[in-house]
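Below is one structure, written out as structure tokens, with a few remarks after it.
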Amino acid sequence: MTKDSAKSKLDKILDKAANEIPLEREELLLLLGLSDQEDLSKLFATARLLRARYFQNKAFIYGFVYFSTYCRNECAFCLYRKSNLSLERYRKTDLEIMETALSLVESGVHLLDLTMGEDPFYFDNQERGFEHLIRTVELIKKSTDIPIMISAGVVPEEILREFKESGVDWYATYQETHNQDLYRKLRIAQSYEERMERKKLARSMGFLIEEGLLTGVGDTAEDLVNSLEEMKKLGADQLRVMSFIPQMDTPMQNFPLVPRLRELIIIAVMRLVFPDRLIPASLDVDGLNGLAERLNAGANVVTSIIPPQSGLAGVSNHSLDIEDGNRTITKIIPVLKECGLVPASREEYAAWILKRQ
């Protein structure tokens with residue numbers, strides 16, 4: 001294929017995407033393999049066009065409360081894996097969770113993401129273990145009426161039901177990959193089927209669902225297209241991709257890094273496939289410095305806002321930009337402006353949720 005015919009083919013694919021005609025597998029693979037700067041500019045411009053069609057110039061902002069870094073699992077990629085003894089861990093009290101949540105609400109976030117590892121304190125005690133957390137969620141909801149996402153692993157069915165009754169709107173538990181062989185290497189000794197089925201169950205209960213991918217862990221373009229198909233089947237309302245950052249004292253600490261461009265291309269392709277969904281630009285990977293490029297690739301949600309002096313960690317770069325205050329709304333608004341975006345209102349986010357439910 002000549003250079004001109006390749007350009008023409010790309011233009012046809014992007015025109016098709018702009019008209020919201022579903023792309024074929026081969027077309028998605030072509031987009032995921034782009035490397036020419038001019039081609040990438042066209043891809044990102046199409047992603048922004050579709051974002052603007054559904055969200056105008058509005059961005060949503062999520063507060064992040066990582067309330068326990070204890071975990072019973074041995075995920076090969078994760079700093080917080082059970083056997084990492086070099087890590088200083090914490091488990092926040094109900095009052096600390098409440099105080100942090102209220103400070104985030106006051107700062108203007110649109111949603112609270114309550115996240116933990118699969119902490120044995122909660123999972124081993126089940127009903128009694130989760131009881132206080134569910135009461136805390138009820139109090140936050142009663143005090144603020146802010147949308148809440150629970151990211152607490154594969155929680156038992158009855159607990160999931162109680163979270164729904166307490167007012168939780170979103171359930172997130174990332175598969176990381178939909179290649180089951182790769183999944184087994186990443187989420188060691190955890191059931192692929194159980195994790196997927198819990199998301200489907202949550203959807204049937206009325207939760208909105210976030211699904212997430214980790215890229216740079218040995219995933220191929222074919223794997224990524226398969227994941228997009230699985231996300232479509234799941235009916236995910238929010239789709240996330242994050243670049244893998246090797247963590248000390250984990251089996252993957254020496255795993256080679258892939259260029260960050262890969263994440264940006266995946267964000268853009270996600271926007272082409274899911275023009276009306278939420279796609280986060282995470283502060284967890286590159287902090288404030290990586291925000292603009294993710295927004296310009298088509299993302300429309302900024303995560304994860306963390307208050308300084310809260311004693312909270314992040315996920316992939318656990319201390320990045322937190323204590324110097326770069327994970328605050330004040331710091332991200334100029335970046336949004338630079339990208340032609342403004343924070344949505346709380347009412348606009350609530351209306352989007354209502355429409356999806």
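Letters A, B, ... go to the chains of the structure tokens in the order shown; residues in each chain start at 1; ligands are counted from 1 in the same order.
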Which residues are close to segment 53-70 of chain A, i.e. within 9 Å by only C-alpha atoms, leaving aside same-chain residues fewer than 6 positions away? Reply as a VMD selection string.
chain A and resid 80 to 82 88 to 93 96 to 97 100 to 101 104 to 105 108 to 121 275 to 278 280 299 to 307 312 to 315 329 336 340 to 346 348 to 349
I want to know what sits within 12 Å of Phe255 of chain A, based on only C-alpha atoms, with residues of the same chain fewer than 2 positions away left out; could you give that as a PDB file with N, CA and C atoms, in the first residue's frame?
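File result_32.pdb, as written:
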ATOM      1  N   ALA A  76       0.477  -9.710  40.302  1.00  0.00           N
ATOM      2  CA  ALA A  76       1.891  -9.602  39.937  1.00  0.00           C
ATOM      3  C   ALA A  76       2.334  -8.170  39.689  1.00  0.00           C
ATOM      4  N   PHE A  77       1.385  -7.295  39.339  1.00  0.00           N
ATOM      5  CA  PHE A  77       1.721  -5.925  38.943  1.00  0.00           C
ATOM      6  C   PHE A  77       1.599  -4.918  40.081  1.00  0.00           C
ATOM      7  N   GLY A 216       0.606  -2.409  28.526  1.00  0.00           N
ATOM      8  CA  GLY A 216       2.046  -2.494  28.750  1.00  0.00           C
ATOM      9  C   GLY A 216       2.420  -3.678  29.624  1.00  0.00           C
ATOM     10  N   VAL A 217       1.518  -4.666  29.711  1.00  0.00           N
ATOM     11  CA  VAL A 217       1.753  -5.848  30.549  1.00  0.00           C
ATOM     12  C   VAL A 217       1.868  -7.113  29.698  1.00  0.00           C
ATOM     13  N   GLY A 218       2.137  -6.914  28.406  1.00  0.00           N
ATOM     14  CA  GLY A 218       2.205  -8.058  27.496  1.00  0.00           C
ATOM     15  C   GLY A 218       0.964  -8.173  26.631  1.00  0.00           C
ATOM     16  N   PHE A 244       0.979   0.552  32.552  1.00  0.00           N
ATOM     17  CA  PHE A 244       1.636  -0.156  33.653  1.00  0.00           C
ATOM     18  C   PHE A 244       2.912   0.573  34.074  1.00  0.00           C
ATOM     19  N   ILE A 245       3.049   0.777  35.383  1.00  0.00           N
ATOM     20  CA  ILE A 245       4.265   1.338  35.967  1.00  0.00           C
ATOM     21  C   ILE A 245       4.892   0.246  36.831  1.00  0.00           C
ATOM     22  N   PRO A 246       6.091  -0.243  36.499  1.00  0.00           N
ATOM     23  CA  PRO A 246       6.705  -1.302  37.317  1.00  0.00           C
ATOM     24  C   PRO A 246       6.867  -0.858  38.770  1.00  0.00           C
ATOM     25  N   GLN A 247       6.510  -1.750  39.693  1.00  0.00           N
ATOM     26  CA  GLN A 247       6.564  -1.457  41.122  1.00  0.00           C
ATOM     27  C   GLN A 247       7.669  -2.270  41.791  1.00  0.00           C
ATOM     28  N   MET A 248       8.373  -1.630  42.700  1.00  0.00           N
ATOM     29  CA  MET A 248       9.426  -2.322  43.444  1.00  0.00           C
ATOM     30  C   MET A 248       8.837  -3.477  44.255  1.00  0.00           C
ATOM     31  N   THR A 250       7.850  -6.393  43.401  1.00  0.00           N
ATOM     32  CA  THR A 250       6.796  -7.188  42.776  1.00  0.00           C
ATOM     33  C   THR A 250       7.443  -8.035  41.679  1.00  0.00           C
ATOM     34  N   PRO A 251       6.776  -9.123  41.249  1.00  0.00           N
ATOM     35  CA  PRO A 251       7.344  -9.972  40.203  1.00  0.00           C
ATOM     36  C   PRO A 251       7.596  -9.230  38.889  1.00  0.00           C
ATOM     37  N   MET A 252       6.920  -8.090  38.679  1.00  0.00           N
ATOM     38  CA  MET A 252       7.044  -7.358  37.416  1.00  0.00           C
ATOM     39  C   MET A 252       7.872  -6.081  37.558  1.00  0.00           C
ATOM     40  N   GLN A 253       8.701  -6.026  38.590  1.00  0.00           N
ATOM     41  CA  GLN A 253       9.446  -4.778  38.835  1.00  0.00           C
ATOM     42  C   GLN A 253      10.434  -4.440  37.716  1.00  0.00           C
ATOM     43  N   LEU A 257       9.055  -0.958  30.099  1.00  0.00           N
ATOM     44  CA  LEU A 257       8.007   0.035  29.885  1.00  0.00           C
ATOM     45  C   LEU A 257       7.656   0.144  28.404  1.00  0.00           C
ATOM     46  N   VAL A 258       6.380   0.375  28.105  1.00  0.00           N
ATOM     47  CA  VAL A 258       5.993   0.694  26.727  1.00  0.00           C
ATOM     48  C   VAL A 258       5.790   2.207  26.646  1.00  0.00           C
TER      49      VAL A 258
END
So which one's closest to Phe123 of chain A, A:Asp94, A:Thr173, A:Glu99, A:Ile159? Using only C-alpha atoms, please.
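With only C-alpha atoms as the atom set, the closest residue is A:Ile159.
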Sorted by chain and rising residue number, list the residues of segment 223-272 of chain A at most 12 Å from segment 352-357 of chain A (counting only C-alpha atoms), each with its closest atom pair and distance in Å to one decimal, as a Markdown table.
| residue | atom | partner | partner_atom | distance |
| --- | --- | --- | --- | --- |
| A:Gly235 | CA | A:Arg356 | CA | 10.4 |
| A:Ala236 | CA | A:Arg356 | CA | 10.3 |
| A:Asp237 | CA | A:Arg356 | CA | 7.5 |
| A:Gln238 | CA | A:Arg356 | CA | 10.6 |
Limited to C-alpha atoms, could you put the picked residues into a file as a tab-separated table (two decimals), in the first residue's frame?
chain	number	residue	atom	x	y	z
A	235	GLY	CA	-22.43	-2.44	28.68
A	236	ALA	CA	-19.74	-0.56	30.62
A	237	ASP	CA	-20.64	3.06	31.35
A	238	GLN	CA	-17.07	4.14	32.02
At a cut-off of 12 Å, using only C-alpha atoms, what residues contact Ile267 of chain A? Leave out same-chain residues fewer than 3 positions from it and give the result as a ChimeraX atom specification.
/A:31-32,43-44,46-48,51,212-215,224,228,238-243,260-264,270-275,277-282,293-301
Quick one: of A:Ala268, A:Met98, A:Val154, A:Leu50, who's nearest to His132 of chain A, counting only C-alpha atoms?
A:Met98
Counting only C-alpha atoms, what is within 8 Å of Ile134 of chain A, bar same-chain residues fewer than 3 positions away, as a count of residues only?
7
Got a sec to tell me which of segment 63-274 of chain A DSSP assigns to strand (DSSP E), as a VMD selection string?
chain A and resid 63 to 68 111 to 116 148 to 151 170 to 172 208 to 215 238 to 243
Within 8 Å of Arg195 of chain A, counting only C-alpha atoms, which residues qualify if same-chain residues fewer than 2 places away don't, as a list in words?
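So, after excluding close chain neighbours, the residues are Val154, Thr173, Gln175, Ser191, Tyr192, Glu193, Glu197, Arg198 and Lys199 of chain A.
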Selected residues, C-alpha atoms, written as a PDB file, in the first residue's frame, please.
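Writing the result to selection.pdb gives the following:
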ATOM      1  CA  VAL A 154     -14.937  -8.800  44.110  1.00  0.00           C
ATOM      2  CA  THR A 173     -13.544  -3.909  39.587  1.00  0.00           C
ATOM      3  CA  GLN A 175     -10.414  -7.051  34.658  1.00  0.00           C
ATOM      4  CA  SER A 191     -11.112 -16.323  39.025  1.00  0.00           C
ATOM      5  CA  TYR A 192     -11.599 -14.507  35.718  1.00  0.00           C
ATOM      6  CA  GLU A 193     -15.210 -15.689  35.510  1.00  0.00           C
ATOM      7  CA  GLU A 197     -19.907 -12.240  36.683  1.00  0.00           C
ATOM      8  CA  ARG A 198     -19.809  -9.885  39.681  1.00  0.00           C
ATOM      9  CA  LYS A 199     -19.835  -6.895  37.306  1.00  0.00           C
TER      10      LYS A 199
END
Please compute the atom CA of Ile150 of chain A-atom CA of Glu176 of chain A distance, one decimal, in Å.
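A separation of 17.0 Å between them.
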At a cut-off of 10 Å, using only C-alpha atoms, what residues contact Ala202 of chain A? Leave out same-chain residues fewer than 4 positions from it and give the result as a list in words.
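My reading of the contact set: Glu157, Leu160, Arg161, Lys164, Trp170, Tyr171, Ala172, Glu197, Arg198, Gly206, Phe207, Leu208 and Ile209 of chain A.
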For a quick check of understanding, using only C-alpha atoms, which of A:Ile148, A:Glu222, A:Glu158, A:Glu347 has the smallest distance to Leu30 of chain A?
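The answer is A:Glu222, which sits nearest to Leu30 of chain A.
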